[in-house]
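**Q** Next up, coords-v9.csv (CSV, C-alpha atoms and all ligand atoms).
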```csv
chain,number,residue,atom,x,y,z
A,1,MET,CA,137.0,58.1,97.4
A,2,ASP,CA,133.7,56.7,96.0
A,3,VAL,CA,131.0,59.4,95.6
A,4,ALA,CA,127.4,58.8,94.6
A,5,LEU,CA,125.2,61.6,93.5
A,6,LYS,CA,121.6,61.9,92.4
A,7,ILE,CA,121.0,64.8,90.0
A,8,TRP,CA,117.7,66.2,88.9
A,9,ARG,CA,118.0,66.6,85.1
A,10,PHE,CA,115.7,68.9,83.2
A,11,ASP,CA,115.3,69.9,79.6
A,12,SER,CA,113.3,73.1,79.2
A,13,SER,CA,112.8,72.5,75.5
A,14,THR,CA,111.0,69.2,76.1
A,15,GLY,CA,109.8,69.6,79.7
A,16,GLU,CA,111.4,66.2,80.5
A,17,ARG,CA,112.6,65.8,84.1
A,18,ALA,CA,114.5,62.8,85.5
A,19,LEU,CA,116.5,61.9,88.6
A,20,LYS,CA,119.7,60.3,87.5
A,21,GLU,CA,122.3,58.6,89.8
A,22,TYR,CA,126.0,58.8,89.1
A,23,GLU,CA,128.8,56.9,90.9
A,24,ILE,CA,132.3,58.4,90.5
A,25,ASP,CA,135.8,58.1,91.9
A,26,ALA,CA,136.9,61.5,93.3
A,27,PRO,CA,140.0,62.7,95.3
A,28,GLU,CA,139.4,63.2,99.0
A,29,TRP,CA,139.6,67.0,98.7
A,30,ALA,CA,136.9,67.1,96.1
A,31,THR,CA,134.1,69.6,96.4
A,32,LEU,CA,130.6,69.2,94.9
A,33,LEU,CA,131.8,71.3,92.0
A,34,ASP,CA,134.8,69.0,91.4
A,35,CYS,CA,132.4,66.0,91.5
A,36,LEU,CA,130.2,67.6,88.9
A,37,ASP,CA,133.2,68.2,86.7
A,38,ILE,CA,134.1,64.5,87.0
A,39,VAL,CA,130.6,63.5,86.0
A,40,LYS,CA,130.6,65.8,83.0
A,41,ASP,CA,134.2,64.9,81.9
A,42,ARG,CA,134.0,61.1,82.3
A,43,HIS,CA,130.3,60.0,82.6
A,44,ASP,CA,127.8,62.3,81.0
A,45,GLY,CA,128.9,65.3,78.9
A,46,SER,CA,125.3,66.5,78.6
A,47,LEU,CA,125.1,67.7,82.3
A,48,SER,CA,124.7,71.5,82.5
A,49,TYR,CA,125.7,73.7,85.5
A,50,ARG,CA,127.4,77.0,86.0
A,51,LYS,CA,130.9,77.7,87.4
A,52,SER,CA,133.8,80.1,87.0
A,53,CYS,CA,136.1,80.9,89.8
A,54,ARG,CA,136.0,77.6,91.9
A,55,MET,CA,136.9,79.7,95.0
A,56,MET,CA,133.7,81.0,96.4
A,57,ILE,CA,133.9,84.5,94.8
A,58,CYS,CA,132.1,84.7,91.5
A,59,GLY,CA,128.8,83.4,92.7
A,60,SER,CA,128.1,81.2,89.6
A,61,CYS,CA,127.8,77.8,91.2
A,62,GLY,CA,124.7,78.2,93.4
A,63,MET,CA,122.5,75.0,93.4
A,64,ARG,CA,120.6,72.9,95.9
A,65,MET,CA,121.9,69.9,97.8
A,66,ASP,CA,119.2,67.8,99.6
A,67,GLY,CA,116.8,70.7,99.1
A,68,ALA,CA,119.0,73.5,100.6
A,69,ALA,CA,121.0,76.1,98.5
A,70,VAL,CA,124.8,75.7,98.6
A,71,LEU,CA,127.8,77.0,96.6
A,72,ALA,CA,129.0,73.9,94.9
A,73,CYS,CA,132.7,75.0,95.1
A,74,LYS,CA,132.4,75.5,98.9
A,75,THR,CA,130.8,72.2,99.7
A,76,ARG,CA,133.3,69.4,100.6
A,77,MET,CA,132.2,65.9,99.8
A,78,TYR,CA,134.5,63.9,102.0
A,79,ASP,CA,132.2,63.6,105.1
A,80,ILE,CA,129.1,62.9,102.9
A,81,ALA,CA,130.8,60.2,101.0
A,82,GLU,CA,132.3,58.6,104.2
A,83,ALA,CA,128.8,58.5,105.7
A,84,GLY,CA,127.5,56.7,102.6
A,85,HIS,CA,125.0,59.4,102.0
A,86,VAL,CA,123.8,59.9,98.4
A,87,PRO,CA,122.9,63.6,98.2
A,88,VAL,CA,120.2,64.9,95.7
A,89,ILE,CA,121.4,67.8,93.6
A,90,SER,CA,119.0,70.1,92.0
A,91,ALA,CA,118.7,73.6,90.6
A,92,MET,CA,118.1,76.6,92.9
A,93,GLY,CA,114.5,77.5,93.8
A,94,ASN,CA,112.5,80.6,93.0
A,95,LEU,CA,114.1,81.0,89.6
A,96,PRO,CA,113.0,79.3,86.3
A,97,ILE,CA,115.2,76.3,85.3
A,98,VAL,CA,116.9,76.6,81.9
A,99,LYS,CA,118.6,73.2,81.9
A,100,ASP,CA,119.6,70.8,84.7
A,101,LEU,CA,121.3,72.9,87.3
A,102,VAL,CA,121.2,76.2,85.3
A,103,VAL,CA,118.6,78.7,86.3
A,104,ASP,CA,117.5,81.9,84.5
A,105,MET,CA,119.0,84.7,86.5
A,106,ASP,CA,117.2,87.5,84.6
A,107,PRO,CA,114.5,88.1,87.3
A,108,PHE,CA,117.3,88.2,89.9
A,109,TRP,CA,119.3,90.8,87.9
A,110,ALA,CA,116.2,92.9,87.2
A,111,LYS,CA,115.6,93.3,91.0
A,112,PHE,CA,119.3,93.9,91.5
A,113,LYS,CA,119.2,96.7,88.9
A,114,ALA,CA,116.0,98.2,90.5
A,115,MET,CA,118.1,98.9,93.6
A,116,LYS,CA,120.2,101.3,91.6
A,117,PRO,CA,123.3,99.7,93.0
A,118,TRP,CA,125.6,102.7,92.8
A,119,LEU,CA,126.1,105.9,94.9
A,120,GLN,CA,123.7,108.7,94.1
A,121,PRO,CA,125.3,112.1,94.1
A,122,GLY,CA,124.6,114.4,97.0
A,123,TYR,CA,127.4,114.2,99.5
A,124,GLU,CA,129.5,117.1,100.4
A,125,ARG,CA,133.1,116.9,99.2
A,126,PRO,CA,135.7,117.1,101.9
A,127,GLU,CA,137.2,120.7,102.3
A,128,ASP,CA,140.7,119.5,101.5
A,129,GLY,CA,139.4,118.1,98.2
A,130,ARG,CA,140.8,114.7,99.0
A,131,GLU,CA,139.0,111.4,99.5
A,132,TYR,CA,135.8,111.1,101.6
A,133,ARG,CA,136.7,109.2,104.7
A,134,ILE,CA,134.2,107.1,106.5
A,135,SER,CA,134.5,106.1,110.2
A,136,GLN,CA,134.9,102.5,111.0
A,137,GLU,CA,131.6,102.7,113.0
A,138,ARG,CA,129.7,103.7,109.9
A,139,MET,CA,131.5,101.1,107.7
A,140,ASN,CA,130.4,98.4,110.2
A,141,VAL,CA,126.8,99.2,109.2
A,142,VAL,CA,127.3,98.1,105.6
A,143,HIS,CA,130.3,95.7,106.1
A,144,LYS,CA,128.3,92.4,105.8
A,145,GLU,CA,126.2,93.7,102.9
A,146,SER,CA,129.3,94.5,101.0
A,147,LEU,CA,130.4,90.9,101.0
A,148,CYS,CA,127.6,89.7,98.7
A,149,ILE,CA,128.7,87.8,95.6
A,150,ASN,CA,125.2,87.7,94.0
A,151,CYS,CA,125.1,83.9,94.0
A,152,GLY,CA,121.3,83.7,94.6
A,153,CYS,CA,121.4,81.1,97.4
A,154,CYS,CA,119.3,83.4,99.6
A,155,VAL,CA,116.7,84.0,96.8
A,156,SER,CA,116.5,80.2,96.3
A,157,GLU,CA,115.3,79.7,99.8
A,158,CYS,CA,113.1,82.7,100.3
A,159,ASN,CA,109.6,81.8,101.6
A,160,ALA,CA,108.2,85.3,100.8
A,161,MET,CA,109.3,85.0,97.1
A,162,GLU,CA,107.8,81.6,96.9
A,163,SER,CA,104.3,83.1,97.5
A,164,ASP,CA,105.0,86.5,95.9
A,165,PRO,CA,107.6,86.3,93.1
A,166,GLU,CA,107.4,90.2,92.9
A,167,PHE,CA,108.8,90.5,96.5
A,168,LEU,CA,112.1,92.4,96.1
A,169,GLY,CA,113.9,89.5,97.9
A,170,PRO,CA,116.9,89.1,100.3
A,171,GLN,CA,119.7,89.8,97.8
A,172,ALA,CA,118.2,92.9,96.3
A,173,LEU,CA,117.3,94.3,99.7
A,174,ALA,CA,120.8,93.5,101.2
A,175,LYS,CA,122.2,95.5,98.2
A,176,GLY,CA,119.7,98.3,99.0
A,177,MET,CA,121.0,98.4,102.6
A,178,ARG,CA,124.6,98.6,101.2
A,179,PHE,CA,123.7,102.0,99.8
A,180,VAL,CA,121.1,103.2,102.4
A,181,GLY,CA,123.8,102.7,105.1
A,182,ASP,CA,126.5,104.6,103.1
A,183,PRO,CA,126.8,108.1,104.4
A,184,ARG,CA,127.9,109.3,100.9
A,185,ASP,CA,124.7,108.3,99.3
A,186,GLY,CA,122.4,111.2,98.4
A,187,ALA,CA,119.2,109.2,97.9
A,188,LYS,CA,118.6,107.5,101.2
A,189,VAL,CA,115.1,108.6,101.8
A,190,GLU,CA,114.0,108.0,98.2
A,191,ARG,CA,115.4,104.5,98.4
A,192,LEU,CA,113.6,103.8,101.7
A,193,GLU,CA,110.3,105.1,100.3
A,194,GLU,CA,110.7,102.6,97.4
A,195,TYR,CA,111.6,99.6,99.7
A,196,ASN,CA,108.5,100.5,101.8
A,197,SER,CA,106.2,100.0,98.9
A,198,GLU,CA,104.2,96.9,98.0
A,199,HIS,CA,106.5,93.8,97.6
A,200,GLY,CA,109.1,95.6,99.9
A,201,ILE,CA,110.7,95.1,103.2
A,202,TRP,CA,107.6,94.5,105.3
A,203,ASP,CA,106.6,91.5,103.1
A,204,CYS,CA,109.5,89.5,104.5
A,205,THR,CA,108.2,86.6,106.6
A,206,ARG,CA,111.3,86.6,108.9
A,207,CYS,CA,111.9,82.9,108.3
A,208,TYR,CA,115.7,83.6,108.4
A,209,PHE,CA,116.4,81.0,105.7
A,210,CYS,CA,118.4,83.6,103.8
A,211,ASN,CA,120.7,84.1,106.7
A,212,GLU,CA,121.0,80.4,107.2
A,213,ARG,CA,121.9,79.6,103.5
A,214,CYS,CA,124.1,82.6,102.6
A,215,PRO,CA,127.6,81.3,102.0
A,216,LYS,CA,129.3,84.6,102.6
A,217,GLY,CA,127.8,85.7,105.9
A,218,VAL,CA,125.8,88.6,104.4
A,219,ASP,CA,122.8,87.9,106.6
A,220,PRO,CA,120.2,89.5,104.3
A,221,ARG,CA,117.4,89.2,106.8
A,222,ASP,CA,119.5,91.4,109.2
A,223,ALA,CA,119.9,93.9,106.3
A,224,ILE,CA,116.1,94.0,105.9
A,225,ALA,CA,115.8,94.6,109.7
A,226,LYS,CA,118.2,97.5,109.4
A,227,LEU,CA,116.2,98.9,106.5
A,228,GLY,CA,113.1,98.7,108.7
A,229,ALA,CA,114.8,100.5,111.6
A,230,GLU,CA,116.1,103.2,109.2
A,231,SER,CA,112.6,103.7,107.7
A,232,VAL,CA,111.0,104.2,111.1
A,233,LYS,CA,113.8,106.5,112.1
A,234,GLU,CA,113.1,108.6,109.0
A,235,GLY,CA,109.3,108.6,109.8
A,236,ILE,CA,108.4,106.2,107.0
A,237,ASP,CA,106.0,104.1,108.9
A,238,ARG,CA,102.8,103.8,106.8
A,239,ASP,CA,103.0,100.1,106.5
A,240,MET,CA,101.3,97.8,109.1
A,241,GLY,CA,104.7,96.1,109.5
A,242,ALA,CA,106.3,99.4,110.6
A,243,LYS,CA,103.4,100.2,113.0
A,244,HIS,CA,103.7,96.7,114.4
A,245,ALA,CA,107.5,97.2,115.1
A,246,LYS,CA,106.9,100.7,116.6
A,247,TRP,CA,104.4,99.2,119.0
A,248,PHE,CA,106.9,96.6,120.1
A,249,VAL,CA,109.4,99.4,120.9
A,250,LYS,CA,106.8,101.6,122.7
A,251,SER,CA,105.4,98.7,124.7
A,252,THR,CA,108.8,97.5,125.9
A,253,GLU,CA,109.7,101.1,126.9
A,254,THR,CA,106.6,101.8,128.9
A,255,THR,CA,106.1,98.5,130.6
A,256,GLY,CA,109.1,96.3,129.9
A,257,TRP,CA,106.7,93.8,128.3
A,258,LEU,CA,105.1,93.3,125.0
A,259,ARG,CA,101.4,94.2,125.5
A,260,GLU,CA,99.9,91.9,122.9
A,261,THR,CA,96.3,92.8,123.7
A,262,GLU,CA,96.9,96.3,122.3
A,263,LEU,CA,99.0,95.1,119.3
A,264,VAL,CA,96.1,94.7,116.9
A,265,PRO,CA,94.5,98.1,117.4
A,266,LYS,CA,97.9,99.8,117.4
A,267,THR,CA,98.9,98.0,114.2
A,268,GLN,CA,95.6,97.8,112.2
A,269,GLY,CA,93.7,100.7,113.6
A,270,VAL,CA,90.4,100.7,115.6
A,271,VAL,CA,88.0,100.0,112.7
A,272,SER,CA,89.8,97.0,111.6
A,273,SER,CA,90.2,95.8,115.2
A,274,ILE,CA,86.4,95.9,115.7
A,275,LYS,CA,86.0,93.5,112.8
A,276,GLU,CA,88.3,91.1,114.7
A,277,MET,CA,86.2,91.4,117.9
A,278,LYS,CA,84.5,88.1,117.6
A,279,PHE,CA,87.9,86.3,117.3
A,280,ALA,CA,89.3,88.3,120.2
A,281,LEU,CA,86.3,87.4,122.4
A,282,SER,CA,86.8,83.8,121.6
A,283,LEU,CA,90.5,84.0,122.5
A,284,ALA,CA,89.5,85.8,125.8
A,285,ARG,CA,87.0,83.0,126.6
A,286,HIS,CA,89.9,80.5,126.4
A,287,GLY,CA,92.1,82.6,128.6
A,288,LYS,CA,94.5,83.6,125.8
A,289,VAL,CA,94.1,87.4,126.3
A,290,PRO,CA,95.4,89.0,129.4
A,291,PRO,CA,93.2,91.9,130.7
A,292,PRO,CA,94.7,95.2,129.2
A,293,PHE,CA,94.1,97.2,132.5
A,294,PRO,CA,96.0,97.7,134.6
A,295,PRO,CA,98.9,97.1,132.3
A,296,HIS,CA,101.4,94.6,133.5
A,297,VAL,CA,104.6,96.5,134.3
A,298,ALA,CA,107.9,94.7,134.8
A,299,ARG,CA,109.6,95.0,138.2
A,300,ASP,CA,112.8,96.4,136.6
A,301,VAL,CA,111.1,98.5,134.0
A,302,GLY,CA,113.6,101.4,134.7
A,303,GLU,CA,116.3,99.3,133.0
A,304,ALA,CA,114.2,99.1,129.8
A,305,ARG,CA,113.5,102.8,129.9
A,306,ASN,CA,117.1,103.7,130.4
A,307,LEU,CA,118.1,101.5,127.5
A,308,HIS,CA,115.6,103.3,125.2
A,309,LYS,CA,116.9,106.7,126.5
A,310,LEU,CA,120.5,105.7,125.8
A,311,VAL,CA,119.7,104.6,122.3
A,312,ARG,CA,118.0,108.0,121.6
A,313,GLU,CA,120.8,110.0,123.2
A,314,GLN,CA,123.4,108.1,121.1
A,315,ASP,CA,121.2,108.5,118.0
A,316,ARG,CA,121.2,104.7,117.5
A,317,GLN,CA,117.5,104.1,116.7
A,318,GLY,CA,118.4,103.0,113.1
A,319,ALA,CA,121.0,100.6,111.6
A,320,LEU,CA,123.7,101.8,114.0
A,321,GLY,CA,121.8,100.4,117.0
A,322,HIS,CA,121.1,97.2,115.1
A,323,VAL,CA,124.8,96.6,114.5
A,324,GLN,CA,125.6,97.4,118.1
A,325,GLY,CA,123.0,94.8,119.2
A,326,GLU,CA,124.6,92.2,116.9
A,327,ARG,CA,127.9,92.9,118.4
A,328,ALA,CA,126.5,92.6,121.9
A,329,LEU,CA,125.1,89.2,121.0
A,330,LEU,CA,128.4,88.2,119.6
A,331,HIS,CA,130.1,89.2,122.9
A,332,LEU,CA,127.6,87.1,124.8
A,333,ALA,CA,128.2,84.1,122.5
A,334,GLU,CA,132.0,84.4,122.5
A,335,GLY,CA,132.8,86.0,125.9
A,336,TYR,CA,133.4,89.6,126.6
A,337,ASP,CA,136.8,91.2,125.9
A,338,HIS,CA,137.2,95.0,126.4
A,339,ALA,CA,140.3,94.9,124.2
A,340,ARG,CA,138.0,94.2,121.2
A,341,ASP,CA,135.7,97.2,121.8
A,342,PRO,CA,135.0,98.5,118.4
A,343,TYR,CA,135.1,102.2,119.3
A,344,GLY,CA,137.9,102.2,121.9
A,345,GLU,CA,138.3,100.6,125.3
A,346,GLY,CA,135.3,101.0,127.5
A,347,SER,CA,133.2,102.5,124.7
A,348,PHE,CA,130.9,99.5,124.6
A,349,PRO,CA,128.7,99.1,127.7
A,350,LYS,CA,129.2,95.7,129.2
A,351,PRO,CA,126.3,93.5,128.1
A,352,TYR,CA,124.0,91.8,130.5
A,353,LEU,CA,125.2,88.3,131.4
A,354,PRO,CA,122.5,86.1,132.9
A,355,GLU,CA,125.0,83.8,134.6
A,356,GLU,CA,126.7,86.7,136.4
A,357,GLU,CA,123.3,87.8,137.9
A,358,ALA,CA,122.8,84.2,139.1
A,359,GLN,CA,126.2,84.3,140.8
A,360,ALA,CA,125.4,87.6,142.5
A,401,LIG,S1,113.8,86.1,106.1
A,401,LIG,FE1,112.6,87.2,104.6
A,401,LIG,S2,114.0,87.6,102.9
A,401,LIG,FE2,114.9,86.0,104.2
A,401,LIG,S3,114.3,84.1,103.2
A,401,LIG,FE3,112.8,84.5,104.9
A,401,LIG,S4,111.2,85.7,103.8
A,401,LIG,FE4,112.9,85.7,102.4
A,402,LIG,S1,123.2,87.7,100.2
A,402,LIG,FE1,124.5,85.8,100.3
A,402,LIG,S2,123.2,84.2,99.4
A,402,LIG,FE2,122.3,86.1,98.8
A,402,LIG,S3,123.2,86.6,96.8
A,402,LIG,FE3,124.5,87.6,98.3
A,402,LIG,S4,126.1,86.2,98.8
A,402,LIG,FE4,124.5,85.0,97.8
A,403,LIG,S1,132.6,78.7,91.0
A,403,LIG,FE1,132.7,80.8,91.6
A,403,LIG,S2,131.6,80.8,93.5
A,403,LIG,FE2,131.6,78.7,92.9
```
Could you show the structure in this file as structure tokens?
**A**
Amino acid sequence: MDVALKIWRFDSSTGERALKEYEIDAPEWATLLDCLDIVKDRHDGSLSYRKSCRMMICGSCGMRMDGAAVLACKTRMYDIAEAGHVPVISAMGNLPIVKDLVVDMDPFWAKFKAMKPWLQPGYERPEDGREYRISQERMNVVHKESLCINCGCCVSECNAMESDPEFLGPQALAKGMRFVGDPRDGAKVERLEEYNSEHGIWDCTRCYFCNERCPKGVDPRDAIAKLGAESVKEGIDRDMGAKHAKWFVKSTETTGWLRETELVPKTQGVVSSIKEMKFALSLARHGKVPPPFPPHVARDVGEARNLHKLVREQDRQGALGHVQGERALLHLAEGYDHARDPYGEGSFPKPYLPEEEAQA
């Protein structure tokens, strides 16, 4: 098949940058990485890019296609070439470019190392002296995080890192969750304290680009949410982000609604809220602020309260509850099947299905 590519070339020694177009003949099964190999072998040997495994496991070939991060060896070119589209290939974002499609991964690895990506001693050895066995339920909490291949595609797309390069970032925090969620790790609270500092979990803008671009389904934003839930569960709630999240929970439990009028004082404190009074009054004048009293209570608020009670009884306020929620959403998306209950038949309360209520 005929494939055309535009590639941003860059030489860090001269600072020269140029968009070059290549037209190549490639087999129909070719991936973007195969196409780059053809360009380098037959058209322009000076093109630089990284690769190793060619099978989506080493994480070397992260780059951008049309402005979004991809693994080159995972990206099939057939449909793109058939549509006559000429994609623009460039280096990943948020990392300094060394040459062409090669970025300097040192800042990435520095954050990775800062996570202390190994188990800290502290767990009790099993009485029989044999291996430490972890339940499937606990493994589910870190399953996705364990799939990370350190490719950097999430970091490339991270909005928060664009404005604050010191932000720990999606890959490092997903790695952090891998160890926070491991029951054998002896430094859970110390890790959470660290991730709650400046440039930590609460600086994430929740843009979800990292989830969207991760080629391995790690869903780093979800890992950050789990770290937030674990932090609040451990009483680490000094950050405004944590206070904000706590008010969401409290508000839905007491009224079934999010009481936004009280969100600012509950999150920022009274003094700070007084400073915002002028803005609040102007919102009120335009009908954007519902009166806080009497609070609007949902008709079926009992359901919301029971749900909160159940979560507390089952001790699922942290990452465990988050994973259960993910699974419930999956059931809603794919249909409910008791045979696939993760903790045995009937262990998973049947999720609420809107269409069933409509039928009733
Ligand atoms: S969701 Fe957070 S961590 Fe993920 S890309 Fe957006 S800002 Fe970065
Ligand atoms: S979380 Fe996904 S995108 Fe980010 S480094 Fe790991 S595998 Fe790559
Ligand atoms: S070459 Fe290893 S992930 Fe693409």
**Q** Skipping near chain neighbours, those fewer than 2 positions away, what residues fall within 8 Å of region 38-55 of chain A using only C-alpha atoms, listed as a list of chain:residue names?
**A**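 Here the answer would be A:Arg9, A:Tyr22, A:Ile24, A:Ala26, A:Leu33, A:Asp34, A:Cys35, A:Leu36, A:Ile57, A:Cys58, A:Ser60, A:Cys61, A:Gly62, A:Cys73, A:Lys74, A:Lys99, A:Asp100, A:Leu101, A:Val102.
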**Q** Excluding Met177 (chain A) and any residue of its chain fewer than 6 positions from it, enumerate the residues within 8 Å of it, using only C-alpha atoms, and give them as an NGL selection string.
**A** :A and (142 or 145 or 223-224 or 226-227)
**Q** Counting all atoms listed in the file, give me one row per residue of chain A with an atom at most 8 Å from an atom of ligand LIG 401 (chain A), showing the shortest contact pair and its distance in Å to one decimal, sorted by chain then residue number, as JSON lines.
**A**
```
{"residue": "A:Cys154", "atom": "CA", "partner": "A:LIG401", "partner_atom": "S3", "distance": 6.2}
{"residue": "A:Val155", "atom": "CA", "partner": "A:LIG401", "partner_atom": "S3", "distance": 6.8}
{"residue": "A:Glu157", "atom": "CA", "partner": "A:LIG401", "partner_atom": "S3", "distance": 5.6}
{"residue": "A:Cys158", "atom": "CA", "partner": "A:LIG401", "partner_atom": "S3", "distance": 3.4}
{"residue": "A:Asn159", "atom": "CA", "partner": "A:LIG401", "partner_atom": "S4", "distance": 4.8}
{"residue": "A:Ala160", "atom": "CA", "partner": "A:LIG401", "partner_atom": "S4", "distance": 4.3}
{"residue": "A:Met161", "atom": "CA", "partner": "A:LIG401", "partner_atom": "FE4", "distance": 6.4}
{"residue": "A:Gly169", "atom": "CA", "partner": "A:LIG401", "partner_atom": "S2", "distance": 5.3}
{"residue": "A:Pro170", "atom": "CA", "partner": "A:LIG401", "partner_atom": "S2", "distance": 4.2}
{"residue": "A:Gln171", "atom": "CA", "partner": "A:LIG401", "partner_atom": "S2", "distance": 8.0}
{"residue": "A:Asp203", "atom": "CA", "partner": "A:LIG401", "partner_atom": "S4", "distance": 7.4}
{"residue": "A:Cys204", "atom": "CA", "partner": "A:LIG401", "partner_atom": "FE1", "distance": 3.9}
{"residue": "A:Thr205", "atom": "CA", "partner": "A:LIG401", "partner_atom": "S4", "distance": 4.2}
{"residue": "A:Arg206", "atom": "CA", "partner": "A:LIG401", "partner_atom": "S1", "distance": 3.8}
{"residue": "A:Cys207", "atom": "CA", "partner": "A:LIG401", "partner_atom": "FE3", "distance": 3.9}
{"residue": "A:Tyr208", "atom": "CA", "partner": "A:LIG401", "partner_atom": "S1", "distance": 3.9}
{"residue": "A:Phe209", "atom": "CA", "partner": "A:LIG401", "partner_atom": "S3", "distance": 4.5}
{"residue": "A:Cys210", "atom": "CA", "partner": "A:LIG401", "partner_atom": "S3", "distance": 4.2}
{"residue": "A:Asn211", "atom": "CA", "partner": "A:LIG401", "partner_atom": "FE2", "distance": 6.6}
{"residue": "A:Pro220", "atom": "CA", "partner": "A:LIG401", "partner_atom": "FE2", "distance": 6.4}
{"residue": "A:Arg221", "atom": "CA", "partner": "A:LIG401", "partner_atom": "S1", "distance": 4.8}
{"residue": "A:Ile224", "atom": "CA", "partner": "A:LIG401", "partner_atom": "S2", "distance": 7.4}
```
**Q** Would you mind listing what lies within 12 Å of Val249 (chain A) as a ChimeraX atom specification, with only C-alpha atoms counted and same-chain residues fewer than 4 positions away left out?
**A** /A:229,232,242-245,253-259,263,304-305,307-309,311,317
**Q** What do you get as a PyMOL selection string if you pick all residues at most 6 Å from ligand LIG 402 (chain A), counting only C-alpha atoms and all ligand atoms?
**A** chain A and resi 148-154+171+214-216+218+220
**Q** Please produce a file of the residues just selected, as a compact mmCIF listing (two decimals), keeping the file's coordinate frame, where the atoms kept are C-alpha atoms.
**A**
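New file selection21.txt:
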```
# COMPACT_ATOMS: atom_id res chain seq x y z
CA CYS A 148 127.60 89.70 98.70
CA ILE A 149 128.70 87.80 95.60
CA ASN A 150 125.20 87.70 94.00
CA CYS A 151 125.10 83.90 94.00
CA GLY A 152 121.30 83.70 94.60
CA CYS A 153 121.40 81.10 97.40
CA CYS A 154 119.30 83.40 99.60
CA GLN A 171 119.70 89.80 97.80
CA CYS A 214 124.10 82.60 102.60
CA PRO A 215 127.60 81.30 102.00
CA LYS A 216 129.30 84.60 102.60
CA VAL A 218 125.80 88.60 104.40
CA PRO A 220 120.20 89.50 104.30
```
**Q** Any idea what's packed within 12 Å of Pro290 (chain A), counting only C-alpha atoms, ignoring anything in its chain fewer than 6 positions away? Could you give it as number ranges by chain?
**A** A: 258-262, 280-281, 283-284, 296
**Q** Between CA of Trp118 (chain A) and CA of Asp185 (chain A), what is the distance, to one decimal in Å?
**A** 8.6 Å
**Q** Between CA of Ser146 (chain A) and CA of Ala174 (chain A), what is the spacing in Å?
**A**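 If I compute the distance from CA of Ala174 (chain A) to CA of Ser146 (chain A), I get 8.6 Å.
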**Q** Taking (124.8, 91.7, 118.3) in the file's coordinates as the center, which residues reach within 12 Å of it, counting all atoms listed in the file, put as an MDAnalysis selection string?
**A** chainID A and resid 140:141 222 319:334 348 351
**Q** Measuring atom to atom with all atoms listed in the file, identify which of A:Arg76, A:His85, A:Lys188, A:Arg133 is nearest to Ala30 (chain A).
**A**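 Closest candidate: A:Arg76.
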**Q** With distances taken over only C-alpha atoms, which of A:Ser12, A:Met77, A:Met56, A:Val3 is nearest to Asp104 (chain A)?
**A** A:Ser12
**Q** Which one of A:Ala72, A:Arg64, A:Trp202, A:Gly129 sits closest to ligand LIG 403 (chain A) if you count all atoms listed in the file?
**A**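 Between A:Ala72, A:Arg64, A:Trp202, A:Gly129, the residue approaching ligand LIG 403 (chain A) most closely is A:Ala72.
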**Q** When distances are computed from all atoms listed in the file, which of A:Lys20, A:Glu162, A:Lys6, A:Leu32 shows the smallest separation from ligand LIG 403 (chain A)?
**A**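 Using all atoms listed in the file, the shortest distance to ligand LIG 403 (chain A) belongs to A:Leu32.
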**Q** What's the separation between CA of Asp239 (chain A) and CA of Val180 (chain A), in Å to one decimal place?
**A**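 CA of Val180 (chain A) lies 18.8 Å from CA of Asp239 (chain A).
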**Q** From the list A:Asp37, A:Glu234, A:Glu127, A:Asp79, which residue is nearest ligand LIG 403 (chain A) when using all atoms listed in the file?
**A**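 Checking each of A:Asp37, A:Glu234, A:Glu127, A:Asp79 against ligand LIG 403 (chain A), counting all atoms listed in the file, the winner is A:Asp37.
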**Q** Just give me the residues with any atom within 7 Å of (121.8, 61.8, 95.5), file coordinates, counting only C-alpha atoms, written as a ChimeraX atom specification.
**A** /A:4-7,21,86-89
**Q** Using only C-alpha atoms and all ligand atoms, which residue out of A:Arg138, A:Trp109, A:Gly59, A:Asp219 lies closest to ligand LIG 403 (chain A)?
**A**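 Using only C-alpha atoms and all ligand atoms, the shortest distance to ligand LIG 403 (chain A) belongs to A:Gly59.
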**Q** Take region 91-98 of chain A, bring it up to N, CA and C atoms, and give me the output as a PDB file, in the frame of the given file.
**A**
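Just written: out.pdb:
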```pdb
ATOM      1  N   ALA A  91     118.486  72.194  90.842  1.00  0.00           N
ATOM      2  CA  ALA A  91     118.700  73.600  90.600  1.00  0.00           C
ATOM      3  C   ALA A  91     118.128  74.457  91.710  1.00  0.00           C
ATOM      4  N   MET A  92     118.598  75.709  91.805  1.00  0.00           N
ATOM      5  CA  MET A  92     118.100  76.600  92.900  1.00  0.00           C
ATOM      6  C   MET A  92     116.616  76.852  92.701  1.00  0.00           C
ATOM      7  N   GLY A  93     115.967  77.204  93.810  1.00  0.00           N
ATOM      8  CA  GLY A  93     114.500  77.500  93.800  1.00  0.00           C
ATOM      9  C   GLY A  93     114.235  78.929  93.431  1.00  0.00           C
ATOM     10  N   ASN A  94     112.966  79.216  93.207  1.00  0.00           N
ATOM     11  CA  ASN A  94     112.500  80.600  93.000  1.00  0.00           C
ATOM     12  C   ASN A  94     112.975  81.247  91.701  1.00  0.00           C
ATOM     13  N   LEU A  95     113.649  80.490  90.844  1.00  0.00           N
ATOM     14  CA  LEU A  95     114.100  81.000  89.600  1.00  0.00           C
ATOM     15  C   LEU A  95     113.806  79.957  88.501  1.00  0.00           C
ATOM     16  N   PRO A  96     113.391  80.352  87.290  1.00  0.00           N
ATOM     17  CA  PRO A  96     113.000  79.300  86.300  1.00  0.00           C
ATOM     18  C   PRO A  96     114.273  78.514  85.872  1.00  0.00           C
ATOM     19  N   ILE A  97     114.069  77.212  85.698  1.00  0.00           N
ATOM     20  CA  ILE A  97     115.200  76.300  85.300  1.00  0.00           C
ATOM     21  C   ILE A  97     115.349  76.399  83.787  1.00  0.00           C
ATOM     22  N   VAL A  98     116.575  76.594  83.335  1.00  0.00           N
ATOM     23  CA  VAL A  98     116.900  76.600  81.900  1.00  0.00           C
ATOM     24  C   VAL A  98     117.212  75.147  81.484  1.00  0.00           C
TER      25      VAL A  98
END
```
